[in-house]
$ cat target28.cif   # mmCIF, C-alpha atoms
data_model
loop_
_atom_site.label_atom_id
_atom_site.label_comp_id
_atom_site.auth_asym_id
_atom_site.auth_seq_id
_atom_site.Cartn_x
_atom_site.Cartn_y
_atom_site.Cartn_z
CA MET A 89 -35.80 -83.92 -33.70
CA ALA A 90 -34.93 -83.36 -30.03
CA HIS A 91 -31.61 -81.72 -29.19
CA ARG A 92 -29.29 -84.46 -27.93
CA VAL A 93 -27.47 -83.86 -24.62
CA VAL A 94 -24.73 -86.38 -23.85
CA VAL A 95 -23.52 -86.44 -20.24
CA LEU A 96 -20.01 -87.81 -19.74
CA ALA A 97 -19.81 -89.97 -16.60
CA LEU A 98 -16.24 -90.24 -15.30
CA ASP A 99 -14.99 -92.43 -12.45
CA GLY A 100 -15.29 -90.66 -9.12
CA LEU A 101 -18.33 -88.70 -10.27
CA LEU A 102 -20.76 -87.03 -7.90
CA PRO A 103 -24.25 -88.57 -8.32
CA PHE A 104 -26.03 -85.29 -7.57
CA GLU A 105 -24.26 -83.43 -10.35
CA LEU A 106 -24.61 -86.31 -12.78
CA GLY A 107 -28.38 -86.17 -12.29
CA ILE A 108 -28.79 -82.44 -12.94
CA PRO A 109 -28.88 -82.57 -16.78
CA GLN A 110 -31.42 -85.40 -16.77
CA ARG A 111 -33.62 -83.58 -14.27
CA ILE A 112 -33.55 -80.25 -16.13
CA PHE A 113 -33.25 -81.21 -19.80
CA GLY A 114 -35.07 -84.54 -19.50
CA ARG A 115 -38.22 -82.83 -18.23
CA SER A 116 -38.30 -80.09 -20.87
CA LEU A 117 -41.41 -80.37 -23.00
CA GLY A 118 -42.36 -78.49 -26.15
CA THR A 119 -45.53 -77.09 -24.59
CA GLU A 120 -44.33 -76.97 -21.00
CA THR A 121 -46.96 -74.61 -19.63
CA GLY A 122 -49.73 -76.71 -21.08
CA GLY A 123 -48.30 -80.01 -19.94
CA LYS A 124 -48.28 -81.50 -23.46
CA GLY A 125 -45.82 -81.78 -26.29
CA GLY A 126 -42.73 -83.81 -27.13
CA LYS A 127 -39.44 -83.66 -25.32
CA LEU A 128 -37.15 -80.83 -26.34
CA TYR A 129 -34.02 -82.73 -25.35
CA ASP A 130 -32.85 -86.31 -25.61
CA VAL A 131 -30.49 -86.98 -22.67
CA VAL A 132 -27.95 -89.81 -22.88
CA THR A 133 -25.25 -90.75 -20.35
CA CYS A 134 -22.01 -92.27 -21.56
CA SER A 135 -18.62 -93.42 -20.29
CA ILE A 136 -15.15 -93.18 -21.84
CA ARG A 137 -15.12 -96.99 -21.81
CA PRO A 138 -17.50 -99.62 -23.20
CA PRO A 139 -20.86 -99.86 -21.36
CA GLY A 140 -20.49 -100.95 -17.75
CA PRO A 141 -20.12 -99.70 -14.17
CA VAL A 142 -18.68 -96.28 -13.32
CA ARG A 143 -17.47 -95.49 -9.82
CA THR A 144 -19.00 -92.62 -7.86
CA ASP A 145 -17.79 -90.82 -4.76
CA ALA A 146 -20.56 -92.59 -2.84
CA ASP A 147 -20.85 -96.22 -1.71
CA PHE A 148 -22.34 -97.33 -5.02
CA SER A 149 -21.48 -97.42 -8.70
CA ILE A 150 -23.78 -96.65 -11.62
CA LEU A 151 -24.32 -98.78 -14.70
CA VAL A 152 -23.77 -96.70 -17.85
CA GLU A 153 -25.28 -98.20 -20.98
CA HIS A 154 -23.41 -96.13 -23.59
CA GLY A 155 -19.73 -95.96 -24.49
CA PRO A 156 -17.76 -92.98 -25.84
CA GLU A 157 -19.29 -93.34 -29.31
CA ALA A 158 -22.35 -91.51 -27.94
CA LEU A 159 -20.27 -88.33 -27.90
CA ALA A 160 -20.29 -88.35 -31.70
CA THR A 161 -24.09 -87.95 -31.63
CA ALA A 162 -24.15 -84.99 -29.21
CA ASP A 163 -25.48 -81.51 -29.87
CA THR A 164 -24.42 -80.60 -26.33
CA VAL A 165 -21.85 -82.41 -24.15
CA VAL A 166 -22.06 -81.97 -20.36
CA VAL A 167 -19.09 -82.86 -18.13
CA PRO A 168 -19.96 -83.04 -14.41
CA ALA A 169 -17.30 -83.00 -11.68
CA SER A 170 -15.28 -86.02 -10.64
CA TYR A 171 -13.01 -86.84 -7.71
CA GLU A 172 -10.73 -88.97 -9.88
CA LEU A 173 -9.47 -86.68 -12.63
CA GLY A 174 -5.82 -87.75 -12.18
CA PRO A 175 -3.52 -86.04 -14.74
CA VAL A 176 -6.32 -83.69 -15.74
CA PHE A 177 -6.33 -82.13 -12.27
CA GLU A 178 -2.68 -82.62 -11.40
CA GLU A 179 -1.00 -81.73 -14.71
CA GLY A 180 -3.69 -80.17 -16.88
CA ARG A 181 -3.61 -82.89 -19.53
CA LEU A 182 -6.08 -85.47 -20.78
CA THR A 183 -5.56 -89.18 -20.32
CA GLU A 184 -5.37 -91.26 -23.50
CA GLU A 185 -8.92 -92.52 -22.91
CA LEU A 186 -10.29 -89.01 -22.48
CA ALA A 187 -8.41 -87.69 -25.50
CA ALA A 188 -9.78 -90.52 -27.65
CA ALA A 189 -13.30 -89.83 -26.37
CA PHE A 190 -13.11 -86.09 -27.08
CA ALA A 191 -11.78 -86.80 -30.57
CA LEU A 192 -15.26 -88.18 -31.30
CA VAL A 193 -17.00 -84.88 -30.50
CA ARG A 194 -18.19 -83.15 -33.67
CA PRO A 195 -16.98 -79.59 -34.44
CA GLY A 196 -19.54 -77.03 -33.31
CA THR A 197 -20.90 -79.18 -30.47
CA ARG A 198 -21.86 -77.09 -27.44
CA MET A 199 -19.60 -77.93 -24.49
CA VAL A 200 -20.75 -77.54 -20.88
CA SER A 201 -19.09 -78.24 -17.53
CA ILE A 202 -20.53 -78.47 -14.03
CA CYS A 203 -18.24 -77.52 -11.15
CA THR A 204 -14.71 -78.90 -11.64
CA GLY A 205 -15.75 -80.59 -14.85
CA SER A 206 -14.20 -77.37 -16.18
CA TYR A 207 -10.78 -79.01 -15.70
CA VAL A 208 -11.68 -81.53 -18.39
CA LEU A 209 -12.80 -78.85 -20.86
CA ALA A 210 -9.66 -76.81 -20.14
CA ALA A 211 -7.36 -79.81 -20.58
CA ALA A 212 -9.09 -80.54 -23.90
CA GLY A 213 -8.37 -76.98 -25.07
CA TYR A 214 -11.96 -75.74 -25.17
CA LEU A 215 -11.29 -72.91 -22.70
CA ASP A 216 -8.10 -71.48 -24.20
CA GLY A 217 -8.38 -67.69 -24.19
CA ARG A 218 -11.94 -67.84 -22.90
CA PRO A 219 -13.65 -66.75 -19.68
CA ALA A 220 -14.59 -69.65 -17.41
CA THR A 221 -15.53 -70.49 -13.85
CA THR A 222 -15.34 -73.45 -11.50
CA HIS A 223 -15.97 -74.17 -7.82
CA TRP A 224 -14.62 -71.27 -5.77
CA SER A 225 -12.33 -73.48 -3.66
CA SER A 226 -10.55 -74.75 -6.79
CA ALA A 227 -10.41 -71.43 -8.65
CA ASP A 228 -6.81 -70.53 -7.73
CA HIS A 229 -5.54 -74.01 -8.54
CA PHE A 230 -7.54 -74.00 -11.78
CA GLN A 231 -5.97 -70.67 -12.81
CA ARG A 232 -2.45 -71.89 -12.01
CA THR A 233 -3.02 -75.11 -13.93
CA PHE A 234 -4.55 -73.36 -16.95
CA PRO A 235 -3.05 -69.84 -17.15
CA GLN A 236 -4.49 -69.42 -20.64
CA VAL A 237 -8.04 -69.43 -19.20
CA ARG A 238 -9.63 -66.21 -17.90
CA VAL A 239 -11.01 -67.50 -14.59
CA ASP A 240 -13.81 -65.69 -12.75
CA PRO A 241 -14.31 -67.36 -9.34
CA ASP A 242 -17.33 -65.33 -8.26
CA VAL A 243 -20.07 -65.96 -10.82
CA LEU A 244 -22.54 -68.84 -10.84
CA PHE A 245 -21.87 -69.61 -14.48
CA ILE A 246 -20.37 -68.17 -17.63
CA ASP A 247 -21.98 -68.39 -21.06
CA ASP A 248 -19.37 -67.89 -23.77
CA GLY A 249 -21.58 -69.01 -26.62
CA ASP A 250 -20.65 -72.56 -27.55
CA VAL A 251 -18.72 -73.22 -24.31
CA LEU A 252 -20.33 -72.78 -20.89
CA THR A 253 -18.96 -73.42 -17.40
CA SER A 254 -20.65 -73.40 -14.01
CA ALA A 255 -19.55 -73.03 -10.43
CA GLY A 256 -19.95 -75.73 -7.80
CA VAL A 257 -22.74 -78.24 -7.34
CA ALA A 258 -26.14 -76.47 -7.49
CA ALA A 259 -24.80 -73.85 -9.90
CA GLY A 260 -25.12 -76.64 -12.45
CA ILE A 261 -28.89 -76.28 -12.06
CA ASP A 262 -28.61 -72.54 -12.75
CA LEU A 263 -26.58 -73.20 -15.88
CA CYS A 264 -28.90 -75.89 -17.23
CA LEU A 265 -31.94 -73.68 -16.65
CA HIS A 266 -30.09 -70.87 -18.43
CA LEU A 267 -29.54 -73.13 -21.43
CA VAL A 268 -33.23 -74.04 -21.55
CA ARG A 269 -34.08 -70.34 -21.32
CA ARG A 270 -31.61 -69.58 -24.10
CA ASP A 271 -32.86 -72.40 -26.31
CA HIS A 272 -36.62 -72.18 -25.72
CA GLY A 273 -37.47 -69.03 -23.78
CA THR A 274 -38.26 -67.89 -20.27
CA ALA A 275 -41.69 -69.55 -19.97
CA VAL A 276 -40.30 -73.06 -20.54
CA ALA A 277 -37.35 -72.52 -18.18
CA ASN A 278 -39.56 -71.04 -15.46
CA GLU A 279 -41.96 -73.95 -15.61
CA ILE A 280 -39.11 -76.45 -15.24
CA ALA A 281 -37.80 -74.43 -12.29
CA ARG A 282 -41.21 -74.56 -10.63
CA ARG A 283 -41.41 -78.31 -11.14
CA THR A 284 -37.92 -78.69 -9.71
CA VAL A 285 -38.73 -76.31 -6.82
CA VAL A 286 -35.75 -74.05 -7.46
CA PRO A 287 -35.50 -70.33 -8.33
CA PRO A 288 -35.74 -69.78 -12.08
CA HIS A 289 -32.92 -67.25 -11.92
CA ARG A 290 -30.32 -66.47 -9.24
CA ASP A 291 -28.21 -63.32 -9.40
CA GLY A 292 -25.95 -63.87 -6.40
CA GLY A 293 -22.48 -65.20 -7.04
CA GLN A 294 -20.57 -68.02 -5.37
CA ALA A 295 -19.20 -65.78 -2.63
CA GLN A 296 -22.65 -64.48 -1.62
CA TYR A 297 -21.77 -61.20 -3.24
CA ILE A 298 -23.15 -59.40 -6.23
CA HIS A 299 -21.96 -60.66 -9.59
CA ARG A 300 -23.86 -61.23 -12.80
CA PRO A 301 -23.25 -64.34 -14.87
CA VAL A 302 -21.87 -63.47 -18.29
CA PRO A 303 -24.58 -63.91 -20.92
CA GLU A 304 -24.07 -64.80 -24.56
CA PRO A 305 -22.93 -61.64 -26.39
CA GLN A 306 -25.93 -61.22 -28.66
CA PHE A 307 -28.28 -61.37 -25.67
CA ALA A 308 -26.27 -59.00 -23.46
CA THR A 309 -28.33 -55.88 -24.15
CA THR A 310 -28.80 -54.84 -20.50
CA THR A 311 -25.53 -56.07 -19.00
CA GLY A 312 -24.01 -52.60 -18.85
CA ALA A 313 -26.99 -51.19 -16.99
CA ARG A 314 -26.87 -54.03 -14.46
CA ALA A 315 -23.15 -53.48 -13.85
CA TRP A 316 -23.79 -49.74 -13.50
CA ALA A 317 -26.54 -50.35 -10.95
CA LEU A 318 -24.51 -52.85 -8.94
CA ALA A 319 -21.76 -50.27 -8.49
CA ARG A 320 -24.17 -47.80 -6.84
CA LEU A 321 -26.71 -49.87 -4.93
CA ASP A 322 -26.40 -47.51 -1.96
CA ARG A 323 -27.87 -44.67 -4.02
CA PRO A 324 -31.34 -44.10 -5.49
CA ILE A 325 -31.64 -45.77 -8.90
CA LEU A 326 -34.49 -44.94 -11.23
CA LEU A 327 -35.65 -47.09 -14.11
CA ARG A 328 -34.98 -44.29 -16.58
CA ASP A 329 -31.39 -44.05 -15.28
CA MET A 330 -30.81 -47.71 -16.07
CA ALA A 331 -32.42 -47.37 -19.48
CA GLU A 332 -30.17 -44.40 -20.29
CA GLN A 333 -27.07 -46.56 -19.70
CA GLU A 334 -28.11 -48.65 -22.73
CA ALA A 335 -29.50 -45.69 -24.73
CA MET A 336 -32.96 -47.29 -24.74
CA SER A 337 -36.43 -46.05 -23.99
CA VAL A 338 -37.83 -47.20 -20.65
CA ARG A 339 -40.34 -49.42 -22.42
CA THR A 340 -37.73 -51.16 -24.61
CA PHE A 341 -35.30 -51.53 -21.71
CA THR A 342 -37.96 -53.07 -19.45
CA ARG A 343 -38.99 -55.55 -22.14
CA ARG A 344 -35.43 -56.63 -22.92
CA PHE A 345 -34.53 -56.80 -19.25
CA ARG A 346 -37.41 -59.21 -18.63
CA GLU A 347 -36.37 -61.31 -21.63
CA GLU A 348 -32.83 -61.66 -20.31
CA VAL A 349 -33.34 -61.90 -16.55
CA GLY A 350 -36.91 -63.18 -16.24
CA ILE A 351 -38.03 -60.50 -13.76
CA SER A 352 -38.58 -56.75 -13.80
CA PRO A 353 -35.74 -54.25 -13.17
CA GLY A 354 -37.37 -53.24 -9.87
CA GLN A 355 -37.56 -56.83 -8.64
CA TRP A 356 -33.96 -57.41 -9.70
CA LEU A 357 -32.75 -54.31 -7.84
CA THR A 358 -34.50 -55.46 -4.68
CA GLN A 359 -32.88 -58.88 -4.99
CA GLN A 360 -29.45 -57.31 -5.38
CA ARG A 361 -29.97 -55.09 -2.35
CA VAL A 362 -31.10 -58.04 -0.27
CA GLU A 363 -27.98 -59.94 -1.33
CA ARG A 364 -25.78 -56.93 -0.51
CA ALA A 365 -27.40 -56.70 2.93
CA ARG A 366 -26.85 -60.42 3.52
CA HIS A 367 -23.19 -60.07 2.63
CA LEU A 368 -22.72 -57.12 4.99
CA LEU A 369 -24.58 -58.84 7.82
CA GLU A 370 -22.44 -61.95 7.40
CA SER A 371 -19.06 -60.31 6.96
CA THR A 372 -19.05 -57.01 8.89
CA ASP A 373 -19.97 -55.56 12.27
CA LEU A 374 -21.77 -52.58 10.74
CA SER A 375 -24.90 -51.46 12.55
CA ILE A 376 -28.26 -52.43 11.09
CA ASP A 377 -28.82 -48.78 10.16
CA GLN A 378 -25.53 -48.64 8.27
CA VAL A 379 -26.21 -51.94 6.52
CA ALA A 380 -29.56 -50.56 5.42
CA ARG A 381 -27.91 -47.45 3.98
CA ASP A 382 -25.09 -49.31 2.25
CA ALA A 383 -27.49 -51.80 0.69
CA GLY A 384 -29.74 -49.02 -0.62
CA PHE A 385 -32.75 -49.57 1.62
CA GLY A 386 -32.28 -46.26 3.40
CA THR A 387 -33.68 -47.19 6.80
CA ALA A 388 -33.49 -50.13 9.17
CA THR A 389 -37.27 -50.46 8.95
CA SER A 390 -37.16 -50.85 5.18
CA LEU A 391 -34.31 -53.36 5.46
CA ARG A 392 -36.27 -55.42 8.00
CA GLN A 393 -39.34 -55.46 5.78
CA HIS A 394 -37.45 -56.58 2.68
CA LEU A 395 -35.30 -59.16 4.46
CA GLN A 396 -38.35 -60.59 6.21
CA ALA A 397 -40.17 -60.82 2.89
CA ALA A 398 -37.24 -62.41 1.06
CA LEU A 399 -35.78 -64.69 3.74
CA GLY A 400 -38.42 -64.97 6.44
CA VAL A 401 -36.13 -63.53 9.15
CA PRO A 402 -35.21 -60.01 10.35
CA PRO A 403 -31.62 -58.69 10.04
CA THR A 404 -30.66 -59.37 13.65
CA ALA A 405 -31.75 -63.01 13.45
CA TYR A 406 -29.97 -63.47 10.13
CA ARG A 407 -26.73 -62.06 11.59
CA ARG A 408 -26.95 -64.31 14.65
CA THR A 409 -27.24 -67.34 12.36
CA PHE A 410 -24.38 -66.52 10.00
CA ARG A 411 -22.15 -64.36 12.23
CA PRO A 412 -22.84 -65.61 15.75
CA SER A 413 -20.17 -63.48 17.45
CA ALA A 414 -18.28 -60.35 16.50
CA ASP A 415 -14.92 -62.03 17.11
CA THR A 416 -15.70 -64.99 14.86
CA SER A 417 -13.93 -64.31 11.59
CA PRO A 418 -15.33 -65.66 8.34
CA ARG A 419 -13.71 -68.87 7.20
CA GLY A 420 -11.15 -68.46 4.48
CA PRO A 421 -11.12 -70.55 1.33
CA ARG A 422 -10.19 -74.18 1.70
CA ALA A 423 -7.31 -75.73 -0.15
CA PRO A 424 -8.25 -77.21 -3.51
CA VAL A 425 -9.19 -80.88 -3.48
CA GLN A 426 -9.05 -82.96 -6.61
CA GLY A 427 -12.30 -82.86 -8.54
CA HIS A 428 -14.44 -81.17 -5.92
CA PRO A 429 -14.34 -79.36 -2.55
#
$ encode --input "target28.cif" --output "structure tokens"
Amino acid sequence: MAHRVVVLALDGLLPFELGIPQRIFGRSLGTETGGKGGKLYDVVTCSIRPPGPVRTDADFSILVEHGPEALATADTVVVPASYELGPVFEEGRLTEELAAAFALVRPGTRMVSICTGSYVLAAAGYLDGRPATTHWSSADHFQRTFPQVRVDPDVLFIDDGDVLTSAGVAAGIDLCLHLVRRDHGTAVANEIARRTVVPPHRDGGQAQYIHRPVPEPQFATTTGARAWALARLDRPILLRDMAEQEAMSVRTFTRRFREEVGISPGQWLTQQRVERARHLLESTDLSIDQVARDAGFGTATSLRQHLQAALGVPPTAYRRTFRPSADTSPRGPRAPVQGHP
């Protein structure tokens, strides 16, 4: 029987985010690479009211055919962001309708939020004492509203086992692909990513800086090595050095790294160095030579080659696009807005 994903559509929802679970889970097939096989997930959308229209933040409503009773059938519940969270956003408490709806969720159901849908999970008590994330512009407000939650504003998503939260908007795609990878393996997730024309795995965080999403504990066999490497990207890093951080042989480390991340350690290191270079080009006035050294590429020539290969532009052109003048300071975070930036 297919794993049932129930998506909770709340008034003020964002149509893009509402569609992410259907696009990722709804296209997951049992023999994805061969193009045959039954669906791995059954995706249902429900409201907290009887079937009927639900307002969006656009100039149209959507007709939802299932009421809150669908939540009682869920193996996974997904809560996308909404602009109209009311007391959930303002006071950190559920409305009576929401509380009644969540009372229908069976114990042990996997709970997932996209963007500021995390407010709903936090108000329902699912995030108490847990790590969680949300859209970066709402992170401070989220932490003040729910001090019992350990908020990380930089990562794309956090996997805490049976409760998962993602950052803003497209990070919901990253999280849903991660769940497919966790449930059915890298090959299935990668094929869905190819069909959706998105990267199968992104390592950069919300702030265009280097942060790893937090994987489920039993899968986190190379997390320490990745953290170790990220702290010294400006220095030479050998594969055996990373393997030693986890007390593994190079062969075992490479295999487990691929299982967790989907690419080789060398490819991952290059991605991290490209992201570090992007951050420095965007946020500092360092010379191209210094950026190359700090990002671990050694020389400006190497930096140009890798940036051209990854982004299609050289460092100087990238800097002109994202930091057009030396006296233009990066924009600070915007004030939180209810439900979404």
$ closest_residue --input "target28.cif" --among "A:Ala335, A:Ile325, A:Ala281, A:Ala258" --to "A:Gly312" --atoms "only C-alpha atoms"
A:Ala335
$ residues_around --input "target28.cif" --residues "A:Gly205" --least-positions-apart "3" --cutoff "8 Å" --atoms "only C-alpha atoms" --output "PyMOL selection string"
chain A and resi 167-170+201-202+208-209+222+427
$ atom_distance --input "target28.cif" --atom1 "atom CA of A:Pro403" --atom2 "atom CA of A:Leu357"
18.4 Å
$ closest_residue --input "target28.cif" --among "A:Trp224, A:Arg364, A:Leu215, A:Gly260" --to "A:Arg238" --atoms "all atoms listed in the file"
A:Leu215
$ closest_residue --input "target28.cif" --among "A:Val176, A:Val200, A:Leu101, A:Leu128" --to "A:Thr144" --atoms "all atoms listed in the file"
A:Leu101
$ atom_distance --input "target28.cif" --atom1 "atom CA of A:His223" --atom2 "atom CA of A:Trp356"
24.7 Å
$ closest_residue --input "target28.cif" --among "A:Thr310, A:Thr389, A:Ser352, A:Thr358" --to "A:Pro324" --atoms "only C-alpha atoms"
A:Thr358
$ closest_residue --input "target28.cif" --among "A:Thr340, A:Thr409, A:Asn278, A:Ser390" --to "A:Ser116" --atoms "all atoms listed in the file"
A:Asn278
$ atom_distance --input "target28.cif" --atom1 "atom CA of A:Val94" --atom2 "atom CA of A:Arg269"
18.7 Å
$ closest_residue --input "target28.cif" --among "A:Ser226, A:Thr204, A:Thr311, A:Ser375" --to "A:Leu102" --atoms "only C-alpha atoms"
A:Thr204
$ residues_around --input "target28.cif" --residues "A:Met89" --least-positions-apart "2" --cutoff "10 Å" --atoms "all atoms listed in the file" --output "PyMOL selection string"
chain A and resi 91-92+126-130
$ residues_around --input "target28.cif" --residues "A:Leu369" --least-positions-apart "5" --cutoff "9 Å" --atoms "only C-alpha atoms" --output "JSON, numbers by chain"
{"A": [364, 374, 375, 376, 379, 403, 404, 406, 407, 410, 411]}
$ build_atoms --input "target28.cif" --residues "stretch 310-323 of chain A" --atoms "N, CA, C and O atoms" --output "PDB file, keeping the file's coordinate frame"
ATOM      1  N   THR A 310     -28.628 -55.626 -21.725  1.00  0.00           N
ATOM      2  CA  THR A 310     -28.800 -54.840 -20.500  1.00  0.00           C
ATOM      3  C   THR A 310     -27.686 -55.092 -19.504  1.00  0.00           C
ATOM      4  O   THR A 310     -27.775 -54.665 -18.356  1.00  0.00           O
ATOM      5  N   THR A 311     -26.624 -55.752 -19.916  1.00  0.00           N
ATOM      6  CA  THR A 311     -25.530 -56.070 -19.000  1.00  0.00           C
ATOM      7  C   THR A 311     -24.879 -54.816 -18.447  1.00  0.00           C
ATOM      8  O   THR A 311     -24.569 -54.732 -17.258  1.00  0.00           O
ATOM      9  N   GLY A 312     -24.647 -53.834 -19.300  1.00  0.00           N
ATOM     10  CA  GLY A 312     -24.010 -52.600 -18.850  1.00  0.00           C
ATOM     11  C   GLY A 312     -24.819 -51.882 -17.797  1.00  0.00           C
ATOM     12  O   GLY A 312     -24.264 -51.358 -16.825  1.00  0.00           O
ATOM     13  N   ALA A 313     -26.123 -51.851 -17.970  1.00  0.00           N
ATOM     14  CA  ALA A 313     -26.990 -51.190 -16.990  1.00  0.00           C
ATOM     15  C   ALA A 313     -26.962 -51.930 -15.657  1.00  0.00           C
ATOM     16  O   ALA A 313     -26.976 -51.302 -14.586  1.00  0.00           O
ATOM     17  N   ARG A 314     -26.921 -53.271 -15.714  1.00  0.00           N
ATOM     18  CA  ARG A 314     -26.870 -54.030 -14.460  1.00  0.00           C
ATOM     19  C   ARG A 314     -25.558 -53.767 -13.733  1.00  0.00           C
ATOM     20  O   ARG A 314     -25.545 -53.572 -12.516  1.00  0.00           O
ATOM     21  N   ALA A 315     -24.451 -53.759 -14.473  1.00  0.00           N
ATOM     22  CA  ALA A 315     -23.150 -53.480 -13.850  1.00  0.00           C
ATOM     23  C   ALA A 315     -23.130 -52.072 -13.256  1.00  0.00           C
ATOM     24  O   ALA A 315     -22.612 -51.847 -12.154  1.00  0.00           O
ATOM     25  N   TRP A 316     -23.705 -51.121 -13.992  1.00  0.00           N
ATOM     26  CA  TRP A 316     -23.790 -49.740 -13.500  1.00  0.00           C
ATOM     27  C   TRP A 316     -24.579 -49.672 -12.197  1.00  0.00           C
ATOM     28  O   TRP A 316     -24.170 -49.007 -11.237  1.00  0.00           O
ATOM     29  N   ALA A 317     -25.701 -50.366 -12.153  1.00  0.00           N
ATOM     30  CA  ALA A 317     -26.540 -50.350 -10.950  1.00  0.00           C
ATOM     31  C   ALA A 317     -25.856 -51.019  -9.774  1.00  0.00           C
ATOM     32  O   ALA A 317     -25.924 -50.533  -8.635  1.00  0.00           O
ATOM     33  N   LEU A 318     -25.174 -52.125 -10.033  1.00  0.00           N
ATOM     34  CA  LEU A 318     -24.510 -52.850  -8.940  1.00  0.00           C
ATOM     35  C   LEU A 318     -23.416 -52.030  -8.288  1.00  0.00           C
ATOM     36  O   LEU A 318     -23.118 -52.219  -7.104  1.00  0.00           O
ATOM     37  N   ALA A 319     -22.831 -51.099  -9.035  1.00  0.00           N
ATOM     38  CA  ALA A 319     -21.760 -50.270  -8.490  1.00  0.00           C
ATOM     39  C   ALA A 319     -22.287 -49.128  -7.631  1.00  0.00           C
ATOM     40  O   ALA A 319     -21.503 -48.436  -6.972  1.00  0.00           O
ATOM     41  N   ARG A 320     -23.611 -48.915  -7.615  1.00  0.00           N
ATOM     42  CA  ARG A 320     -24.170 -47.800  -6.840  1.00  0.00           C
ATOM     43  C   ARG A 320     -25.478 -48.200  -6.160  1.00  0.00           C
ATOM     44  O   ARG A 320     -26.436 -47.437  -6.119  1.00  0.00           O
ATOM     45  N   LEU A 321     -25.507 -49.400  -5.610  1.00  0.00           N
ATOM     46  CA  LEU A 321     -26.710 -49.870  -4.930  1.00  0.00           C
ATOM     47  C   LEU A 321     -27.087 -49.014  -3.734  1.00  0.00           C
ATOM     48  O   LEU A 321     -28.250 -48.993  -3.309  1.00  0.00           O
ATOM     49  N   ASP A 322     -26.109 -48.319  -3.156  1.00  0.00           N
ATOM     50  CA  ASP A 322     -26.400 -47.510  -1.960  1.00  0.00           C
ATOM     51  C   ASP A 322     -27.055 -46.183  -2.296  1.00  0.00           C
ATOM     52  O   ASP A 322     -27.382 -45.410  -1.411  1.00  0.00           O
ATOM     53  N   ARG A 323     -27.255 -45.928  -3.597  1.00  0.00           N
ATOM     54  CA  ARG A 323     -27.870 -44.670  -4.020  1.00  0.00           C
ATOM     55  C   ARG A 323     -29.216 -44.933  -4.701  1.00  0.00           C
ATOM     56  O   ARG A 323     -29.454 -46.041  -5.184  1.00  0.00           O
TER      57      ARG A 323
END
